[in-house]
$ cat start_31.csv   # CSV, C-alpha atoms
chain,number,residue,atom,x,y,z
A,145,MET,CA,0.0,0.0,0.0
A,146,SER,CA,1.4,3.4,-1.0
A,147,LYS,CA,2.1,6.0,1.7
A,148,PRO,CA,-0.4,8.8,1.7
A,149,ARG,CA,1.0,11.8,-0.1
A,150,ALA,CA,1.5,14.9,2.0
A,151,SER,CA,-0.4,17.9,0.7
A,152,PRO,CA,1.6,21.0,0.0
A,153,ARG,CA,1.4,23.8,2.6
A,154,VAL,CA,0.5,27.1,1.0
A,155,LEU,CA,0.9,30.8,1.9
A,156,VAL,CA,-1.5,33.2,0.1
A,157,ALA,CA,-0.5,36.9,-0.1
A,158,ASP,CA,-2.8,39.5,-1.4
A,159,ASP,CA,-3.9,42.9,0.0
A,160,GLU,CA,-7.5,42.3,-1.1
A,161,PRO,CA,-9.3,40.1,1.5
A,162,HIS,CA,-11.9,38.8,-1.0
A,163,VAL,CA,-9.1,37.7,-3.4
A,164,ARG,CA,-7.3,35.9,-0.5
A,165,GLN,CA,-10.6,34.1,0.3
A,166,ILE,CA,-11.1,33.0,-3.3
A,167,VAL,CA,-7.5,31.8,-3.7
A,168,SER,CA,-7.6,30.0,-0.4
A,169,ALA,CA,-10.8,28.3,-1.3
A,170,ILE,CA,-9.4,27.1,-4.6
A,171,VAL,CA,-6.2,25.9,-2.9
A,172,ARG,CA,-8.2,23.9,-0.3
A,173,ALA,CA,-10.4,22.5,-3.1
A,174,LEU,CA,-7.2,21.2,-4.7
A,175,GLY,CA,-6.4,19.3,-1.5
A,176,ALA,CA,-3.7,21.6,-0.2
A,177,GLN,CA,-3.5,23.3,3.2
A,178,VAL,CA,-3.5,27.1,3.5
A,179,VAL,CA,-1.1,27.8,6.5
A,180,ALA,CA,-1.3,31.6,6.3
A,181,GLU,CA,-2.9,34.5,4.5
A,182,ALA,CA,-0.8,37.7,4.3
A,183,ALA,CA,-2.1,41.2,3.4
A,184,ASP,CA,1.2,42.6,2.2
A,185,GLY,CA,4.7,41.5,1.2
A,186,GLU,CA,6.3,42.2,4.6
A,187,GLN,CA,3.7,39.9,6.2
A,188,ALA,CA,4.3,37.3,3.5
A,189,VAL,CA,8.0,37.2,4.2
A,190,ALA,CA,7.5,37.1,8.0
A,191,PHE,CA,4.9,34.2,7.7
A,192,PHE,CA,7.3,32.4,5.3
A,193,GLU,CA,10.2,32.6,7.8
A,194,ARG,CA,8.1,31.3,10.5
A,195,LEU,CA,6.0,28.6,8.7
A,196,ARG,CA,8.2,27.6,5.7
A,197,PRO,CA,5.3,26.6,3.4
A,198,GLU,CA,6.3,24.7,0.2
A,199,VAL,CA,4.1,26.9,-2.1
A,200,VAL,CA,3.6,30.7,-2.0
A,201,ILE,CA,0.9,32.5,-4.1
A,202,LEU,CA,1.8,36.2,-4.3
A,203,ASP,CA,0.1,39.3,-5.6
A,204,ILE,CA,2.4,41.9,-6.9
A,205,ASN,CA,0.8,45.3,-6.1
A,206,MET,CA,0.7,45.2,-2.3
A,207,PRO,CA,1.5,47.9,0.3
A,208,HIS,CA,4.7,48.0,2.4
A,209,MET,CA,6.5,45.4,0.2
A,210,ARG,CA,5.6,44.4,-3.3
A,211,GLY,CA,5.1,40.8,-4.3
A,212,ASP,CA,8.1,40.7,-6.6
A,213,GLU,CA,10.3,41.8,-3.8
A,214,ALA,CA,8.7,39.3,-1.4
A,215,LEU,CA,9.4,36.7,-4.1
A,216,ARG,CA,13.1,37.6,-4.2
A,217,ARG,CA,13.4,37.4,-0.4
A,218,ILE,CA,11.5,34.2,0.0
A,219,LEU,CA,13.5,32.4,-2.7
A,220,ALA,CA,16.7,33.8,-1.1
A,221,ILE,CA,15.6,32.0,2.1
A,222,GLU,CA,14.4,28.8,0.5
A,223,PRO,CA,15.2,28.5,-3.2
A,224,GLY,CA,13.1,25.3,-3.6
A,225,THR,CA,9.9,27.1,-2.8
A,226,VAL,CA,7.3,26.9,-5.5
A,227,ALA,CA,6.1,30.5,-6.2
A,228,ILE,CA,3.0,31.3,-8.2
A,229,MET,CA,2.4,35.0,-9.0
A,230,MET,CA,-1.3,35.9,-9.2
A,231,THR,CA,-1.7,39.5,-10.3
A,232,ALA,CA,-3.4,42.2,-12.4
A,233,GLN,CA,0.1,43.2,-13.7
A,234,ASP,CA,0.0,42.0,-17.3
A,235,THR,CA,3.1,43.6,-18.7
A,236,ILE,CA,5.6,41.4,-20.4
A,237,ASP,CA,8.4,43.0,-18.5
A,238,MET,CA,6.8,42.1,-15.1
A,239,VAL,CA,6.2,38.5,-16.3
A,240,HIS,CA,9.8,38.1,-17.4
A,241,GLU,CA,11.1,39.7,-14.2
A,242,CYS,CA,9.1,37.4,-11.9
A,243,LEU,CA,10.0,34.3,-14.0
A,244,ASP,CA,13.7,35.4,-13.9
A,245,ARG,CA,13.5,35.7,-10.2
A,246,GLY,CA,12.3,32.1,-9.9
A,247,ALA,CA,8.5,32.2,-10.0
A,248,ARG,CA,7.1,28.9,-11.5
A,249,HIS,CA,3.8,30.3,-12.7
A,250,TYR,CA,2.1,33.5,-13.5
A,251,ILE,CA,-1.7,33.8,-13.3
A,252,LEU,CA,-3.6,36.9,-14.4
A,253,LYS,CA,-6.4,38.1,-12.1
A,254,SER,CA,-8.2,39.4,-15.2
A,255,ASN,CA,-9.2,35.8,-15.9
A,256,ARG,CA,-12.7,34.7,-15.0
A,257,ALA,CA,-13.0,32.9,-11.6
A,258,GLU,CA,-13.6,29.5,-13.2
A,259,GLU,CA,-10.6,30.1,-15.5
A,260,ILE,CA,-8.4,30.9,-12.5
A,261,TYR,CA,-9.6,27.7,-10.8
A,262,ARG,CA,-8.8,25.8,-14.0
A,263,LEU,CA,-5.3,27.4,-14.2
A,264,PHE,CA,-4.5,26.4,-10.6
A,265,ALA,CA,-5.8,22.9,-11.2
A,266,GLU,CA,-3.6,22.7,-14.3
A,267,VAL,CA,-0.4,23.8,-12.5
A,268,TRP,CA,-1.1,22.0,-9.2
A,269,PRO,CA,0.2,18.5,-10.1
A,270,GLU,CA,3.5,20.1,-11.1
A,271,CYS,CA,3.6,22.0,-7.8
A,272,GLU,CA,2.9,18.8,-5.9
A,273,ALA,CA,5.6,17.0,-7.8
A,274,LEU,CA,8.1,19.8,-7.1
A,275,VAL,CA,7.2,19.7,-3.4
A,276,GLN,CA,7.6,15.9,-3.3
A,277,LYS,CA,11.0,16.2,-5.0
A,278,GLU,CA,12.1,18.8,-2.4
A,279,VAL,CA,10.9,16.5,0.5
A,280,ALA,CA,12.5,13.4,-0.9
B,141,MET,CA,35.3,66.9,-37.4
B,142,THR,CA,32.8,67.6,-34.6
B,143,HIS,CA,30.0,65.1,-34.0
B,144,THR,CA,26.8,66.4,-32.5
B,145,LEU,CA,23.7,64.5,-31.4
B,146,ASP,CA,20.7,65.5,-33.4
B,147,ASN,CA,17.9,65.8,-31.0
B,148,PRO,CA,14.5,65.9,-32.9
B,149,ARG,CA,12.8,67.7,-30.1
B,150,ARG,CA,15.4,70.5,-30.1
B,151,ARG,CA,15.1,70.6,-33.9
B,152,ALA,CA,11.3,71.0,-33.5
B,153,ALA,CA,11.8,73.7,-30.9
B,154,ARG,CA,13.7,75.9,-33.3
B,155,PRO,CA,11.7,78.9,-34.6
B,156,ALA,CA,9.4,77.9,-37.4
B,157,PRO,CA,10.7,78.8,-40.9
B,158,GLY,CA,9.7,82.4,-41.8
B,159,ALA,CA,9.2,83.4,-38.1
B,160,GLN,CA,10.5,86.9,-37.4
B,161,SER,CA,12.5,87.1,-34.2
B,162,GLY,CA,12.0,90.7,-33.0
B,163,GLU,CA,12.9,91.7,-29.4
B,164,ASN,CA,9.3,92.0,-28.2
B,165,GLU,CA,8.0,88.9,-30.0
B,166,LEU,CA,7.3,85.7,-28.2
B,167,PRO,CA,9.3,82.7,-29.4
B,168,ARG,CA,7.4,80.7,-32.0
B,169,TYR,CA,7.8,77.0,-32.5
B,170,ASP,CA,7.1,74.5,-35.1
B,171,LEU,CA,4.0,73.0,-33.4
B,172,PRO,CA,3.3,70.3,-36.0
B,173,ALA,CA,6.8,69.0,-35.5
B,174,LEU,CA,6.5,69.1,-31.7
B,175,ALA,CA,3.2,67.3,-31.9
B,176,ALA,CA,4.7,64.6,-34.2
B,177,GLU,CA,7.6,64.2,-31.7
B,178,ALA,CA,5.2,63.9,-28.7
B,179,ALA,CA,3.2,61.2,-30.6
B,180,THR,CA,6.5,59.3,-31.2
B,181,ASP,CA,7.3,59.5,-27.5
B,182,LYS,CA,3.8,58.1,-26.6
B,183,VAL,CA,4.3,55.2,-29.0
B,184,TYR,CA,7.7,54.5,-27.3
B,185,ASP,CA,6.1,54.6,-23.8
B,186,GLU,CA,3.4,52.2,-24.9
B,187,SER,CA,5.9,49.8,-26.5
B,188,ALA,CA,7.7,49.6,-23.2
B,189,LYS,CA,4.6,48.2,-21.6
B,190,VAL,CA,3.5,45.4,-23.8
B,191,ARG,CA,0.5,43.7,-22.3
B,192,VAL,CA,0.1,39.9,-22.4
B,193,THR,CA,-2.7,37.4,-22.2
B,194,GLN,CA,-2.7,34.2,-20.2
B,195,GLN,CA,-2.1,32.3,-23.4
B,196,ASP,CA,1.0,34.5,-24.1
B,197,ILE,CA,2.3,33.6,-20.6
B,198,ARG,CA,1.6,29.9,-21.2
B,199,ASN,CA,3.6,30.0,-24.4
B,200,LEU,CA,6.4,31.9,-22.7
B,201,LEU,CA,6.6,29.4,-19.9
B,202,GLU,CA,6.7,26.5,-22.4
B,203,ARG,CA,9.5,28.2,-24.4
B,204,ARG,CA,11.5,28.9,-21.2
B,205,ARG,CA,11.1,25.3,-20.0
B,206,ARG,CA,12.2,23.9,-23.4
B,207,SER,CA,15.3,26.1,-23.3
B,208,HIS,CA,16.0,25.5,-19.6
B,209,PRO,CA,14.6,22.2,-18.7

$ encode --input "start_31.csv" --output "structure tokens"
Amino acid sequence: MSKPRASPRVLVADDEPHVRQIVSAIVRALGAQVVAEAADGEQAVAFFERLRPEVVILDINMPHMRGDEALRRILAIEPGTVAIMMTAQDTIDMVHECLDRGARHYILKSNRAEEIYRLFAEVWPECEALVQKEVA
Amino acid sequence: MTHTLDNPRRRAARPAPGAQSGENELPRYDLPALAAEAATDKVYDESAKVRVTQQDIRNLLERRRRSHP
């Protein structure tokens, strides 16, 4: 009998509470555990240092510290972290910058809710595989 | 030989041809040339912010993963 697979632990960072709620609901529906919700980049880094989740979902335009800076700091602490950017920033420069910094995925908030769910569902097996690889 | 940078805005800011430059006259500029230059600047600014769709991002991610597996 195979050992039950541990579900990834996820940190969600967005300054809009309703977006955090939606993203957390999607993540839970995909079988993962949301360990913390942060309202800005500083909080995200602080939660990350304390809880060390395997996956972080980051907005970019947040007060105090932007998501792209939080991404840089989080990956400096733990380079194996799976980072997904979810943002309204749709410029090619920002996409390149985040991918260059180590983000694995980039999801636009301008997508409809069901499309956002579909995109998370699409990238989730890869996130789980990366997390398993890190744990092994 | 002296090399100078030809700045189109400066060129447009020269007095328009035929303009008289009397002591009490306000400076006159080649407004159509300035407007054309401003339009070029706008095009440049927009080009620096190319917007992408989710499909563009998907294609970009695939390309990057193929080149850096």

$ interface_residues --input "start_31.csv" --of "chain A" --to "chain B" --cutoff "12 Å" --atoms "all atoms listed in the file" --output "ChimeraX atom specification"
/A:229-240,242-244,246-256,259-260,263,266-267

$ atom_distance --input "start_31.csv" --atom1 "atom CA of Ala257 of chain A" --atom2 "atom CA of Gly185 of chain A"
23.5 Å

$ closest_residue --input "start_31.csv" --among "A:Ile166, A:Ile218, A:Leu195, A:Leu155" --to "Val178 of chain A" --atoms "all atoms listed in the file"
A:Leu155

$ atom_distance --input "start_31.csv" --atom1 "atom CA of Val154 of chain A" --atom2 "atom CA of Ala180 of chain A"
7.2 Å

$ atom_distance --input "start_31.csv" --atom1 "atom CA of Asp212 of chain A" --atom2 "atom CA of Glu193 of chain A"
16.7 Å

$ residues_around --input "start_31.csv" --residues "Val171 of chain A" --least-positions-apart "6" --cutoff "12 Å" --atoms "all atoms listed in the file" --output "list in words"
Ser151, Pro152, Arg153, Val154, Leu155, Val156, Arg164, Gln165, Gln177, Val178, Val179, Ala180, Glu181, Val199, Val200, Ile201, Ile228, Ile260, Tyr261, Arg262, Leu263, Phe264, Ala265, Val267, Trp268, Cys271 and Glu272 of chain A

$ closest_residue --input "start_31.csv" --among "A:Asp184, A:Glu270, A:Met209, A:Leu215" --to "Ala157 of chain A" --atoms "all atoms listed in the file"
A:Asp184

$ closest_residue --input "start_31.csv" --among "A:Gly175, A:Pro197, A:Pro269, A:Pro161" --to "Glu222 of chain A" --atoms "only C-alpha atoms"
A:Pro197

$ closest_residue --input "start_31.csv" --among "A:Ala169, A:Glu198, A:Glu213, A:Asp158" --to "Gln276 of chain A" --atoms "all atoms listed in the file"
A:Glu198
